[in-house]
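**Q** Dumping the structure here so I can ask a few things about it.
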Amino acid sequence: MADAGVWFEQVSKRFHRGEVHDSLRDLVPALARRIMGRKRSAEELQEGDFWAVRNVSFQVMPGETLGIIGGNGAGKSTVLKMLTQILRPTLGWAKVEGRIGALIEVSAGFHPDLTGRENVFLQGSIRGMPSAMLRQQFDSIVEFSGISDFIDTPVKRYSSGMNARLGFAIAAHLNPEVLIIDEVLAVGDFGFQSKAFNRIQELATSGIPVVIVSHQMDRIATLCSCAILLEQGAVAYMGKPADAIARYTSGFNQTRTEDHKGPIRIDSIRPHSDLPVESGTDLTLTITGSVLGTECDADRHSVLFQVRSSQTGTVPFASSTARLGVPLPADGEFRLELRLQMNLTPGVYALETGVYDERTSAIIARGPTASVQVGAGASFAGQVQLNPRILLAVPALP
Amino acid sequence: MIEAEGGAVAAPRIAPAPPVVPRKSLIGDLRVILRDLWQTRDLLIQLTRRDLTIRYKQAVMGLAWAILTPLLIVLSGLLIRMAMAKFAGAKVGMASMAGIAVKSLPWSFFVSSISFATPSLSGNMNLVTKIYFPREVLTISAVLANSKDFLVGLVVVSAALPFMGVHYGAAVLWAPFLMVILLGITTASGLFLACANLFFRDIKYIVQLLLTFGIFFTPVFFETTLLGARGARLAMLNPLAPVLEGLRLSVVEGHNLLRPLIGTAPHGGPDILMWSPWYLVYSLGWATLGLALSLVFFRRLSYLFAEYI
């Protein structure tokens, strides 16, 4: 168990776009081309080839949880397939020590004509569970899935939700040494999702190495100790989950004005602490930048700052120096100390900056972004933190 | 690799483990494969059971399937034999009928196993591209699933043979040994063809063609003596021929396979070598070597399966 771990060293994977020859008739010309043509090196891309994954390296040790985020086609699934040995890297090497439990495509092994019960045993053994253990865990699996009434019905008559529930229930009982999770969090109804998420959290915090791919940023933020942002197969960012998420989500909704030589340049935005902020408490930030006096119209241009939810992409709060009545210097550098009361629901938020034109109500340039995680105990539920103060007044003190 | 922008914190890294050097020796590979197969024996059982359950679910014929193919082979064999006998002015004895009945079982096992095993990888695309497990089990379970039909047929034929004038002797004990060789040859061909069919989808049509006409190149309907001295030796080059002829000789004729058997030609001519113990070695060699090579071949290509399927 102590030896369990995941290693990815300079891994690249090349794929071919388009049709692969798959009948004997195509073999002869393909072979001829191969013999006549020059020997192709591993590094080389031929016509139609592309790198699905390029030079990705990481390690996950026991107790660590790595999150992988990125858009569709960024190479996330290819990375997972190389981890689970379904694909072999073109370059570099991937190695996993320990029995892998993969919560990937949880209902992939189901045969439609078999009953739920038969499929539990089939699917369990495909994923490497010994029969004896399956028999022992069977009741627990069925109970977790919540479809015990239909366990002797052929799976072809199941709804897709039931399919996913049963699949997840089996995968959740694998007792792995290394856990690999892909997008399965989005299965079933709300009740089952939270049940599934609790189970994943339980597994992820049990001290085994975990790799998780998801589009649900709040889950990446809560579960992971480290995150990778993949863009077109390459690592665009590796580090704190909150930063990776901020970088990923700020990639959207951007009317990028590249290297804008605007009236104001914003250099940095930095929270005073890296720790998560408790909902309802204060967050202090420093924004630095400089004003280009020749371009800047003090009545018109101001520094904008806004909070964007990484889960939903919405902006619950935005303001600017002009609206707060803070004048900027006519020329030269400035430093702003900003304090925000984070009356937000728990989650990851991006703190975005920009240059705002008060006359046209347009963001004319984007500045740097910071990210912050808002946490809350169990003190409230709902859309917004109303900072409750509560006192027991009756019975009156004697 | 690690960008410092935005105050990225790199988790403490431990020195990377050395890359695994893939073992390339035949014996080393084989040992790994056999260990993997032993560890996944539960899966093999489950997949075999799946294939069996699906085959008999919603099937009117049920176990009658097990008898149907051998029965048809025996009937068509009799028809051919009677035509030949009429031409030669001889009679078709009970012994030749018993011989065809005995040989029809392993032949139909071979045919149905190969036609199930060939598409066993390409037909399980969702498993191959999504979950990792030793892929050999898909093909081996496709072969094993056919053993039920074989066993049912075996019971029926064993019960019927005494009525065809067969007295079971000690030589019957050769039958299990021959069946193991049959299983080996079948599995080896299945592994090779399943692999080939994954990369080239037209393989299965070629296989179907070969299986249809293969019966004429294998001594199922006839004994090798019918081909003359030279022909009998040539016919035995087919790896399945010693298995089929061995079964007939040991079960029907009660011949001990460790001793050679010389037959007389039907219309004079030189004596014909019907059986030699070397035939047994020849077939066994095909089974073991074929199995070893096909397992290693299969394993070495298996990392490409998910990409090419």
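Chains: A, B, ... in order of the structure tokens. Residues: from 1 per chain. Ligands: from 1, in order shown.
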May I have the residues within 7 Å of range 233-240 of chain B as a ChimeraX atom specification, using only C-alpha atoms and disregarding those fewer than 3 positions away in the same chain?
**A** /B:218,224,229-230,243-244,283,286
**Q** Tell me which protein, DNA and RNA residues are within 6 Å of Ser276 in chain B, counting only C-alpha atoms, leaving out same-chain ones fewer than 2 positions away, and put them as a list in words.
**A**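 Selected residues are Pro260, Trp278 and Tyr279 of chain B.
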**Q** Mind pulling up the distance from CA of Ile140 in chain B to CA of Leu291 in chain B?
**A**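 Distance reported for this atom pair: 11.2 Å.
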**Q** Excluding Pro112 in chain A and its own-chain neighbours fewer than 6 positions away, which residues fall within 7 Å of it when counting only C-alpha atoms? Please give them as a list in words.
**A**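 Skipping anything fewer than 6 positions along the chain leaves Pro154, Val155 and Lys156 of chain A.
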**Q** May I have all residues of range 99-287 of chain B that DSSP, computed from the backbone, assigns to strand (DSSP E or B), given as a ChimeraX atom specification?
**A** /B:261-263,266,268,272-275
**Q** Within 10 Å of range 143-145 of chain B, counting only C-alpha atoms, which residues show up once you throw out same-chain ones fewer than 2 positions away? Write them as number ranges by chain, please.
**A** B: 44-45, 47-53, 55, 109-110, 112-118, 120, 137-141, 147-150, 183, 186-187, 190-191
**Q** Would you mind exporting the chosen residues as a tab-separated table (two decimals), in the first residue's frame, restricted to C-alpha atoms?
**A**
```tsv
chain	number	residue	atom	x	y	z
B	44	LEU	CA	-12.95	-16.05	-17.38
B	45	ILE	CA	-15.69	-17.99	-15.60
B	47	LEU	CA	-17.50	-14.22	-19.25
B	48	THR	CA	-18.02	-17.86	-20.20
B	49	ARG	CA	-21.20	-17.88	-18.15
B	50	ARG	CA	-22.31	-14.67	-19.84
B	51	ASP	CA	-21.81	-16.17	-23.30
B	52	LEU	CA	-23.72	-19.29	-22.29
B	53	THR	CA	-26.59	-17.43	-20.64
B	55	ARG	CA	-26.96	-18.05	-26.07
B	109	PHE	CA	-16.68	-27.77	-31.63
B	110	PHE	CA	-13.82	-26.41	-33.69
B	112	SER	CA	-18.40	-23.07	-33.67
B	113	SER	CA	-15.53	-22.04	-31.40
B	114	ILE	CA	-13.65	-20.37	-34.21
B	115	SER	CA	-16.72	-18.57	-35.48
B	116	PHE	CA	-17.40	-17.26	-31.96
B	117	ALA	CA	-13.78	-16.44	-31.17
B	118	THR	CA	-12.96	-14.54	-34.36
B	120	SER	CA	-14.72	-11.82	-29.83
B	137	VAL	CA	-10.10	-13.79	-21.60
B	138	LEU	CA	-12.58	-12.48	-24.18
B	139	THR	CA	-11.36	-14.94	-26.79
B	140	ILE	CA	-10.73	-17.85	-24.44
B	141	SER	CA	-14.19	-17.53	-22.91
B	147	SER	CA	-17.54	-26.66	-24.60
B	148	LYS	CA	-21.02	-27.02	-23.13
B	149	ASP	CA	-22.43	-28.01	-26.51
B	150	PHE	CA	-19.49	-30.33	-26.94
B	183	LEU	CA	-8.84	-27.39	-27.06
B	186	THR	CA	-8.79	-24.33	-31.15
B	187	THR	CA	-7.75	-21.72	-28.58
B	190	GLY	CA	-9.03	-18.42	-32.00
B	191	LEU	CA	-6.52	-16.04	-30.38
```
**Q** Considering only C-alpha atoms, give me a table of residues in range 33-110 of chain B that are at most 10 Å from range 127-147 of chain A, with the closest atom pair and distance in Å for each, as JSON lines.
**A**
```
{"residue": "B:Gln39", "atom": "CA", "partner": "A:Gly128", "partner_atom": "CA", "distance": 9.0}
{"residue": "B:Thr40", "atom": "CA", "partner": "A:Gly128", "partner_atom": "CA", "distance": 7.3}
{"residue": "B:Arg41", "atom": "CA", "partner": "A:Pro130", "partner_atom": "CA", "distance": 8.9}
{"residue": "B:Asp42", "atom": "CA", "partner": "A:Ser131", "partner_atom": "CA", "distance": 6.1}
{"residue": "B:Leu43", "atom": "CA", "partner": "A:Gly128", "partner_atom": "CA", "distance": 7.6}
{"residue": "B:Ile45", "atom": "CA", "partner": "A:Ser131", "partner_atom": "CA", "distance": 9.6}
{"residue": "B:Gln46", "atom": "CA", "partner": "A:Ser131", "partner_atom": "CA", "distance": 8.8}
```
**Q** Taking only C-alpha atoms into account, find every residue of chain A that has an atom no more than 7 Å from chain B, and write it out as a count of residues only.
**A** 22
**Q** Among range 37-242 of chain B, which ones does DSSP place in helix (DSSP H, G or I), written as number ranges by chain?
**A** B: 37-39, 41-56, 64-88, 94-117, 122-130, 136-144, 147-164, 170-199, 203-214, 224-235, 240-242
**Q** Need the shell around range 63-74 of chain B: protein/DNA/RNA residues with any atom at most 10 Å away, counting only C-alpha atoms. Skip same-chain ones fewer than 6 positions apart. Format as a PyMOL selection string?
**A** chain B and resi 56+80+97-109+112+146-154+156-157+215+220-221
**Q** Would you save the residues from that selection as a PDB file, in the first residue's frame, using C-alpha atoms?
**A**
```pdb
ATOM      1  CA  TYR B  56     -29.666 -19.992 -24.308  1.00  0.00           C
ATOM      2  CA  ILE B  80     -21.565 -39.074 -49.044  1.00  0.00           C
ATOM      3  CA  MET B  97     -21.251 -44.482 -39.106  1.00  0.00           C
ATOM      4  CA  ALA B  98     -19.874 -44.664 -35.581  1.00  0.00           C
ATOM      5  CA  GLY B  99     -16.612 -43.169 -36.861  1.00  0.00           C
ATOM      6  CA  ILE B 100     -18.378 -40.185 -38.391  1.00  0.00           C
ATOM      7  CA  ALA B 101     -20.442 -39.697 -35.240  1.00  0.00           C
ATOM      8  CA  VAL B 102     -17.308 -39.624 -33.072  1.00  0.00           C
ATOM      9  CA  LYS B 103     -15.519 -37.217 -35.397  1.00  0.00           C
ATOM     10  CA  SER B 104     -18.488 -34.908 -35.904  1.00  0.00           C
ATOM     11  CA  LEU B 105     -18.271 -33.682 -32.292  1.00  0.00           C
ATOM     12  CA  PRO B 106     -14.731 -32.277 -32.274  1.00  0.00           C
ATOM     13  CA  TRP B 107     -15.217 -30.832 -35.750  1.00  0.00           C
ATOM     14  CA  SER B 108     -18.382 -28.951 -34.838  1.00  0.00           C
ATOM     15  CA  PHE B 109     -16.684 -27.772 -31.632  1.00  0.00           C
ATOM     16  CA  SER B 112     -18.400 -23.068 -33.674  1.00  0.00           C
ATOM     17  CA  ASN B 146     -18.758 -23.860 -26.819  1.00  0.00           C
ATOM     18  CA  SER B 147     -17.540 -26.662 -24.602  1.00  0.00           C
ATOM     19  CA  LYS B 148     -21.023 -27.021 -23.126  1.00  0.00           C
ATOM     20  CA  ASP B 149     -22.430 -28.005 -26.506  1.00  0.00           C
ATOM     21  CA  PHE B 150     -19.486 -30.334 -26.938  1.00  0.00           C
ATOM     22  CA  LEU B 151     -20.071 -32.024 -23.589  1.00  0.00           C
ATOM     23  CA  VAL B 152     -23.790 -32.468 -24.196  1.00  0.00           C
ATOM     24  CA  GLY B 153     -23.021 -33.947 -27.607  1.00  0.00           C
ATOM     25  CA  LEU B 154     -20.439 -36.197 -26.003  1.00  0.00           C
ATOM     26  CA  VAL B 156     -25.456 -38.313 -26.427  1.00  0.00           C
ATOM     27  CA  VAL B 157     -22.892 -39.865 -28.760  1.00  0.00           C
ATOM     28  CA  ILE B 215     -14.630 -30.229 -43.717  1.00  0.00           C
ATOM     29  CA  VAL B 220     -14.485 -36.068 -40.933  1.00  0.00           C
ATOM     30  CA  PHE B 221     -16.595 -37.887 -43.530  1.00  0.00           C
TER      31      PHE B 221
END
```
**Q** Name the residues in contact with range 355-369 of chain A at a cut-off of 6 Å, using only C-alpha atoms, excluding same-chain residues fewer than 4 positions from it; report them as a PyMOL selection string.
**A** chain A and resi 257+266+268+300-304+351
**Q** Write a file of the just-selected residues containing C-alpha atoms, as a PDB file, in the first residue's frame.
**A**
```pdb
ATOM      1  CA  THR A 257      -7.647  42.939 -25.938  1.00  0.00           C
ATOM      2  CA  ILE A 266      -3.065  46.658 -13.945  1.00  0.00           C
ATOM      3  CA  SER A 268      -1.324  42.335 -10.141  1.00  0.00           C
ATOM      4  CA  ARG A 300     -13.999  58.237 -17.657  1.00  0.00           C
ATOM      5  CA  HIS A 301     -11.544  55.455 -16.860  1.00  0.00           C
ATOM      6  CA  SER A 302     -11.414  53.482 -13.657  1.00  0.00           C
ATOM      7  CA  VAL A 303     -10.200  50.175 -12.253  1.00  0.00           C
ATOM      8  CA  LEU A 304     -12.856  47.480 -12.275  1.00  0.00           C
ATOM      9  CA  LEU A 351     -11.384  37.854  -8.645  1.00  0.00           C
TER      10      LEU A 351
END
```
**Q** Excluding Gly101 in chain A and residues on its chain fewer than 2 positions from it, collect all residues at most 8 Å away from it, counting only C-alpha atoms, and give them as a list in words.
**A**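 Counting only the stated atoms, we get Arg99, Leu103, Arg127, Ala171, Leu174, Asn175, Pro176, Glu177, Val178, Leu179 and Ile180 of chain A.
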**Q** Atoms to include: C-alpha atoms. Write the selected residues as a CSV table (one decimal), in the first residue's frame.
**A**
```csv
chain,number,residue,atom,x,y,z
A,99,ARG,CA,-4.6,-2.2,-7.9
A,103,LEU,CA,-14.7,5.0,-11.8
A,127,ARG,CA,-13.1,-4.6,-13.0
A,171,ALA,CA,-17.3,0.6,-9.0
A,174,LEU,CA,-13.9,-2.0,-5.6
A,175,ASN,CA,-11.6,-1.3,-2.7
A,176,PRO,CA,-8.8,0.1,-4.8
A,177,GLU,CA,-5.2,1.0,-4.0
A,178,VAL,CA,-5.3,3.8,-6.6
A,179,LEU,CA,-8.4,5.6,-7.6
A,180,ILE,CA,-9.1,7.1,-11.0
```
**Q** Taking into account only C-alpha atoms, which residue in the set A:His16, A:Leu283, A:Gly347, A:Lys95 is nearest to Pro241 in chain A?
**A**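 Of A:His16, A:Leu283, A:Gly347, A:Lys95, the one nearest Pro241 in chain A is A:Gly347, counting only C-alpha atoms.
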